[in-house]
Amino acid sequence: MSFDSNVKIGVLGGGQLGRMMIQSAIDFNLDVHVLDPDPNAPCKDISTSFTNGALTDYDTVMAFGADKELLTIEIENVNTEALKALETQGKKVFPQPHIIELIQNKLHQKQFYAANNIPTAPFHEVANAEEVEAKKDLLPFVNKLATGGYDGRGVQVIKSEEALSKAFDAHGFVEELVDFEKELAVIVARNESGEMKTFPTVEMVFHPEHNLVEYLFSPADINSNIENEAQELAKTVIEKLDMTGLLAIEMFLTKEGKLLVNEIAPRTHNSGHQTIEGNVTSQFEQHLRAILNWPLGDTATLWPSAMVNLLGEDGFTGNARYEGMAEVLAKAGVHVHLYGKKLTKPFRKMGHITVSDQDMTELREKVNFVKTTLKVKA
Ligand code: ADP
């Protein structure tokens, strides 16, 4: 595609990822039309047009796509049959619908890694809780749902026979429990011409109870061999998928120094939010460049940065209030992103904060300050 700002882009999903994509699209005068089931979705007031409707409904997606030239997603849970039909009509759909479909199913993801020699933790398919129990000789392991799980809700760590009662009574798999040193993520972009670029590897730190990324450091504290390996692995995955768009690859770095792919997401990702302030090109701009087949942007790191998810405080539901905001805004190198959600709920992603500092110790101190000072209450 040549540089054309008149292309009519449709995005399935109007949450924070779509909102930050629109913020980037404005720099290129691009029109972005959004479909979302929530009438008050974060994109509602900033998209060129906003359609309220179900992303999983065939007719709704077909009607939304009818007058668009290029369709993309900010969430995987969409009707891929409709996207395939729109693709057949000659519309550009990136990531390609068959790839979204593959990634919707965690078991299919694992089977794809195995078939393509992509390193991943060993796994066994299970149909129900009884079959999980039958694998008790393999304990400890992680039981994962094939479909329907997100943000840690489809993942159950089972360490002992007593804990087998926590097994999901549904189709999925059990996977070896990885004794990892770190959790890493690499975002890779690939345009239609096949040009590829990776962002530097980042390091994720998870909330111990809620399985959400609690904060993240960029670049990751790893040696250059692991960094190169992680970049190459990300490129291998997107090439084997033959995917156009942006792909986030979450990996485990084992104590033995091996990289294992955990899971992938074919879209902008929570592990790339700090690229807005920390890198020359943000993941949101890169996503647009990739799907429009424009040259990909420079991914170099400007300065070390950390990203803190701003989650609704436990015990508060109602109109959001941001306690400690003035103190946080007064700090140098702190950048606040609020997602435009009126209502807070326990652990709802309400925004994120990017913290930058050339000095890693200072950076960690600032992260702690933000985490302990800023609270979302009702
Ligand atoms: P989700 O799609 O819900 O984010 P993940 O598969 O990424 O689920 O798992 C969530 C978290 O659970 C991971 O980031 C990691 O901390 C932990 N986890 C998942 N699989 C394993 C494993 N095989 N070994 C150890 N920890 C794991």
# chains A, B, ... in the order shown; residues from 1 in each chain; ligands from 1
$ residues_around --residues "region 260-274 of chain A" --least-positions-apart "5" --cutoff "8 Å" --atoms "only C-alpha atoms" --output "JSON, numbers by chain"
{"A": [17, 73, 74, 75, 76, 95, 99, 100, 103, 106, 109, 118, 119, 120, 121, 185, 187, 202, 204, 213, 216, 218, 245, 246, 247, 248, 249, 250, 251, 252, 253, 254, 279, 282, 283, 284, 287, 305, 306, 307, 354]}
$ residues_near_ligand --ligand "ligand 1" --cutoff "9 Å" --atoms "only C-alpha atoms and all ligand atoms" --output "PyMOL selection string"
chain A and resi 106+120-123+141-144+149-157+174-180+183+204-208+211-213+250-252+262-264
$ atom_distance --atom1 "CA of Leu35 (chain A)" --atom2 "CA of Ser5 (chain A)"
20.2 Å
$ residues_around --residues "Leu338 (chain A)" --least-positions-apart "5" --cutoff "9 Å" --atoms "only C-alpha atoms" --output "list in words"
Gln16, Leu310, Met350, Gly351, His352 and Ile353 of chain A
$ write_last_selection --atoms "N, CA and C atoms" --output "short mmCIF file (atom, residue, chain, number, x, y, z; two decimals), in the first residue's frame"
data_model
loop_
_atom_site.label_atom_id
_atom_site.label_comp_id
_atom_site.auth_asym_id
_atom_site.auth_seq_id
_atom_site.Cartn_x
_atom_site.Cartn_y
_atom_site.Cartn_z
N GLN A 16 -8.69 0.04 25.69
CA GLN A 16 -7.51 0.91 25.79
C GLN A 16 -6.52 0.71 24.66
N LEU A 310 -2.22 0.41 36.20
CA LEU A 310 -3.01 1.08 37.23
C LEU A 310 -4.32 0.30 37.37
N MET A 350 -7.38 0.33 34.70
CA MET A 350 -7.92 1.68 34.53
C MET A 350 -6.95 2.59 33.77
N GLY A 351 -5.70 2.22 33.74
CA GLY A 351 -4.70 3.03 33.06
C GLY A 351 -3.34 2.42 33.26
N HIS A 352 -2.30 3.12 32.84
CA HIS A 352 -0.94 2.67 33.16
C HIS A 352 -0.05 3.90 33.31
N ILE A 353 1.08 3.69 33.97
CA ILE A 353 2.03 4.77 34.19
C ILE A 353 3.36 4.32 33.59
#
$ select_by_dssp --residues "region 88-283 of chain A" --states "helix (DSSP H, G or I)" --output "PyMOL selection string"
chain A and resi 88+97-104+106-115+129-133+136-138+161-166+224-241+270-272+275-278+283
$ atom_distance --atom1 "CA of Leu139 (chain A)" --atom2 "CA of Tyr113 (chain A)"
22.4 Å
$ residues_around --residues "Gly15 (chain A)" --least-positions-apart "2" --cutoff "7 Å" --atoms "only C-alpha atoms" --output "tab-separated table (two decimals) with N, CA and C atoms, in the first residue's frame"
chain	number	residue	atom	x	y	z
A	13	GLY	N	-12.97	-3.96	18.48
A	13	GLY	CA	-12.57	-3.74	19.87
A	13	GLY	C	-12.26	-2.27	20.09
A	17	LEU	N	-6.43	-0.52	24.12
A	17	LEU	CA	-5.47	-0.76	23.04
A	17	LEU	C	-5.90	0.00	21.79
A	18	GLY	N	-7.20	-0.02	21.51
A	18	GLY	CA	-7.74	0.73	20.38
A	18	GLY	C	-7.57	2.22	20.60
A	19	ARG	N	-7.76	2.65	21.83
A	19	ARG	CA	-7.65	4.07	22.16
A	19	ARG	C	-6.23	4.59	21.90
A	41	ALA	N	-17.29	2.32	25.67
A	41	ALA	CA	-15.91	1.82	25.51
A	41	ALA	C	-14.93	2.98	25.44
A	42	PRO	N	-13.67	2.77	25.89
A	42	PRO	CA	-12.67	3.84	25.88
A	42	PRO	C	-12.48	4.56	24.53
A	43	CYS	N	-12.81	3.91	23.40
A	43	CYS	CA	-12.65	4.56	22.09
A	43	CYS	C	-13.85	5.40	21.68
$ closest_residue --among "A:Leu296, A:Ala82, A:Ala378, A:Leu363" --to "Thr60 (chain A)" --atoms "only C-alpha atoms"
A:Ala82
$ select_by_dssp --residues "region 108-323 of chain A" --states "strand (DSSP E)" --output "PyMOL selection string"
chain A and resi 123-126+141-145+155-158+172-176+180-190+196-198+202-206+213-218+245-254+259-265+305-311+318-319+321-323
$ residues_around --residues "Lys136 (chain A)" --least-positions-apart "3" --cutoff "10 Å" --atoms "only C-alpha atoms" --output "tab-separated table (two decimals) with N, CA, C and O atoms, in the first residue's frame"
chain	number	residue	atom	x	y	z
A	131	GLU	N	-9.27	-36.60	33.21
A	131	GLU	CA	-8.02	-36.82	32.45
A	131	GLU	C	-6.84	-36.04	33.05
A	131	GLU	O	-5.71	-36.47	32.93
A	132	VAL	N	-7.15	-34.91	33.69
A	132	VAL	CA	-6.07	-34.18	34.39
A	132	VAL	C	-5.57	-35.06	35.54
A	132	VAL	O	-4.37	-35.24	35.73
A	133	GLU	N	-6.53	-35.62	36.28
A	133	GLU	CA	-6.17	-36.47	37.41
A	133	GLU	C	-5.34	-37.67	36.99
A	133	GLU	O	-4.39	-38.06	37.68
A	139	LEU	N	2.90	-34.54	38.00
A	139	LEU	CA	2.87	-33.40	38.93
A	139	LEU	C	4.29	-32.98	39.35
A	139	LEU	O	5.15	-33.85	39.44
A	140	PRO	N	4.55	-31.67	39.58
A	140	PRO	CA	3.62	-30.54	39.49
A	140	PRO	C	3.43	-30.10	38.03
A	140	PRO	O	4.35	-30.21	37.23
A	141	PHE	N	2.23	-29.56	37.73
A	141	PHE	CA	1.99	-29.05	36.36
A	141	PHE	C	0.99	-27.89	36.38
A	141	PHE	O	0.48	-27.50	37.44
A	158	ILE	N	-1.08	-26.61	39.56
A	158	ILE	CA	-1.40	-27.75	40.44
A	158	ILE	C	-0.09	-28.40	40.88
A	158	ILE	O	0.64	-28.96	40.07
A	159	LYS	N	0.18	-28.26	42.19
A	159	LYS	CA	1.49	-28.70	42.67
A	159	LYS	C	1.46	-30.07	43.33
A	159	LYS	O	2.48	-30.73	43.42
A	160	SER	N	0.27	-30.47	43.84
A	160	SER	CA	0.22	-31.73	44.58
A	160	SER	C	-1.07	-32.47	44.26
A	160	SER	O	-2.00	-31.89	43.68
A	161	GLU	N	-1.14	-33.74	44.67
A	161	GLU	CA	-2.35	-34.55	44.42
A	161	GLU	C	-3.57	-33.93	45.09
A	161	GLU	O	-4.67	-33.96	44.53
A	164	LEU	N	-5.41	-31.42	43.02
A	164	LEU	CA	-6.03	-31.87	41.76
A	164	LEU	C	-7.51	-31.48	41.67
A	164	LEU	O	-8.06	-31.40	40.57
$ closest_residue --among "A:Val78, A:Gly318, A:Glu203, A:Thr88" --to "Tyr215 (chain A)" --atoms "only C-alpha atoms"
A:Glu203
$ atom_distance --atom1 "CA of Val93 (chain A)" --atom2 "CA of Lys349 (chain A)"
27.7 Å
$ closest_residue --among "A:Asp38, A:Glu69, A:Glu192, A:Asp57" --to "Arg289 (chain A)" --atoms "only C-alpha atoms"
A:Glu192
$ decode --residues "region 8-20 of chain A" --atoms "all heavy atoms" --output "CSV table (one decimal), in the first residue's frame"
chain,number,residue,atom,x,y,z
A,8,LYS,N,-9.9,3.5,4.8
A,8,LYS,CA,-10.9,3.4,5.9
A,8,LYS,C,-10.6,2.2,6.7
A,8,LYS,O,-10.8,1.1,6.3
A,8,LYS,CB,-12.3,3.3,5.2
A,8,LYS,CG,-13.3,4.3,5.8
A,8,LYS,CD,-14.6,4.3,5.1
A,8,LYS,CE,-15.6,4.8,6.1
A,8,LYS,NZ,-17.0,4.7,5.6
A,9,ILE,N,-10.1,2.5,8.0
A,9,ILE,CA,-9.7,1.4,8.8
A,9,ILE,C,-10.8,1.1,9.8
A,9,ILE,O,-11.4,2.0,10.5
A,9,ILE,CB,-8.4,1.8,9.6
A,9,ILE,CG1,-7.3,2.2,8.7
A,9,ILE,CG2,-8.0,0.6,10.5
A,9,ILE,CD1,-6.0,2.7,9.4
A,10,GLY,N,-11.1,-0.2,10.0
A,10,GLY,CA,-12.1,-0.7,11.0
A,10,GLY,C,-11.3,-1.5,12.1
A,10,GLY,O,-10.6,-2.4,11.7
A,11,VAL,N,-11.6,-1.2,13.3
A,11,VAL,CA,-11.0,-1.9,14.4
A,11,VAL,C,-12.0,-2.7,15.2
A,11,VAL,O,-13.0,-2.1,15.7
A,11,VAL,CB,-10.2,-1.0,15.4
A,11,VAL,CG1,-9.4,-1.8,16.4
A,11,VAL,CG2,-9.2,-0.1,14.6
A,12,LEU,N,-11.8,-4.0,15.4
A,12,LEU,CA,-12.7,-4.8,16.2
A,12,LEU,C,-12.2,-4.7,17.7
A,12,LEU,O,-11.1,-5.2,18.0
A,12,LEU,CB,-12.8,-6.2,15.8
A,12,LEU,CG,-13.8,-6.5,14.7
A,12,LEU,CD1,-13.6,-5.7,13.4
A,12,LEU,CD2,-13.9,-8.0,14.4
A,13,GLY,N,-13.0,-4.0,18.5
A,13,GLY,CA,-12.6,-3.7,19.9
A,13,GLY,C,-12.3,-2.3,20.1
A,13,GLY,O,-11.6,-1.7,19.3
A,14,GLY,N,-12.8,-1.7,21.2
A,14,GLY,CA,-12.7,-0.3,21.4
A,14,GLY,C,-12.2,0.0,22.8
A,14,GLY,O,-12.6,1.0,23.4
A,15,GLY,N,-11.3,-0.9,23.3
A,15,GLY,CA,-10.8,-0.7,24.7
A,15,GLY,C,-9.5,0.2,24.6
A,15,GLY,O,-9.3,1.0,23.7
A,16,GLN,N,-8.7,0.0,25.7
A,16,GLN,CA,-7.5,0.9,25.8
A,16,GLN,C,-6.5,0.7,24.7
A,16,GLN,O,-5.9,1.7,24.2
A,16,GLN,CB,-6.8,0.8,27.1
A,16,GLN,CG,-6.3,-0.6,27.5
A,16,GLN,CD,-7.3,-1.4,28.3
A,16,GLN,OE1,-8.5,-1.1,28.3
A,16,GLN,NE2,-6.8,-2.4,29.0
A,17,LEU,N,-6.4,-0.5,24.1
A,17,LEU,CA,-5.5,-0.8,23.0
A,17,LEU,C,-5.9,0.0,21.8
A,17,LEU,O,-5.1,0.6,21.1
A,17,LEU,CB,-5.3,-2.3,22.8
A,17,LEU,CG,-4.8,-3.1,23.9
A,17,LEU,CD1,-4.8,-4.6,23.6
A,17,LEU,CD2,-3.5,-2.7,24.4
A,18,GLY,N,-7.2,0.0,21.5
A,18,GLY,CA,-7.7,0.7,20.4
A,18,GLY,C,-7.6,2.2,20.6
A,18,GLY,O,-7.2,3.0,19.7
A,19,ARG,N,-7.8,2.6,21.8
A,19,ARG,CA,-7.7,4.1,22.2
A,19,ARG,C,-6.2,4.6,21.9
A,19,ARG,O,-6.0,5.6,21.3
A,19,ARG,CB,-8.0,4.2,23.6
A,19,ARG,CG,-8.1,5.7,24.1
A,19,ARG,CD,-8.6,5.6,25.6
A,19,ARG,NE,-8.4,6.8,26.3
A,19,ARG,CZ,-9.3,7.7,26.6
A,19,ARG,NH1,-10.5,7.6,26.2
A,19,ARG,NH2,-9.0,8.8,27.3
A,20,MET,N,-5.2,3.8,22.3
A,20,MET,CA,-3.9,4.2,22.1
A,20,MET,C,-3.5,4.1,20.6
A,20,MET,O,-2.6,4.9,20.1
A,20,MET,CB,-2.9,3.5,23.0
A,20,MET,CG,-3.1,3.9,24.5
A,20,MET,SD,-2.0,3.1,25.7
A,20,MET,CE,-2.9,1.6,26.1
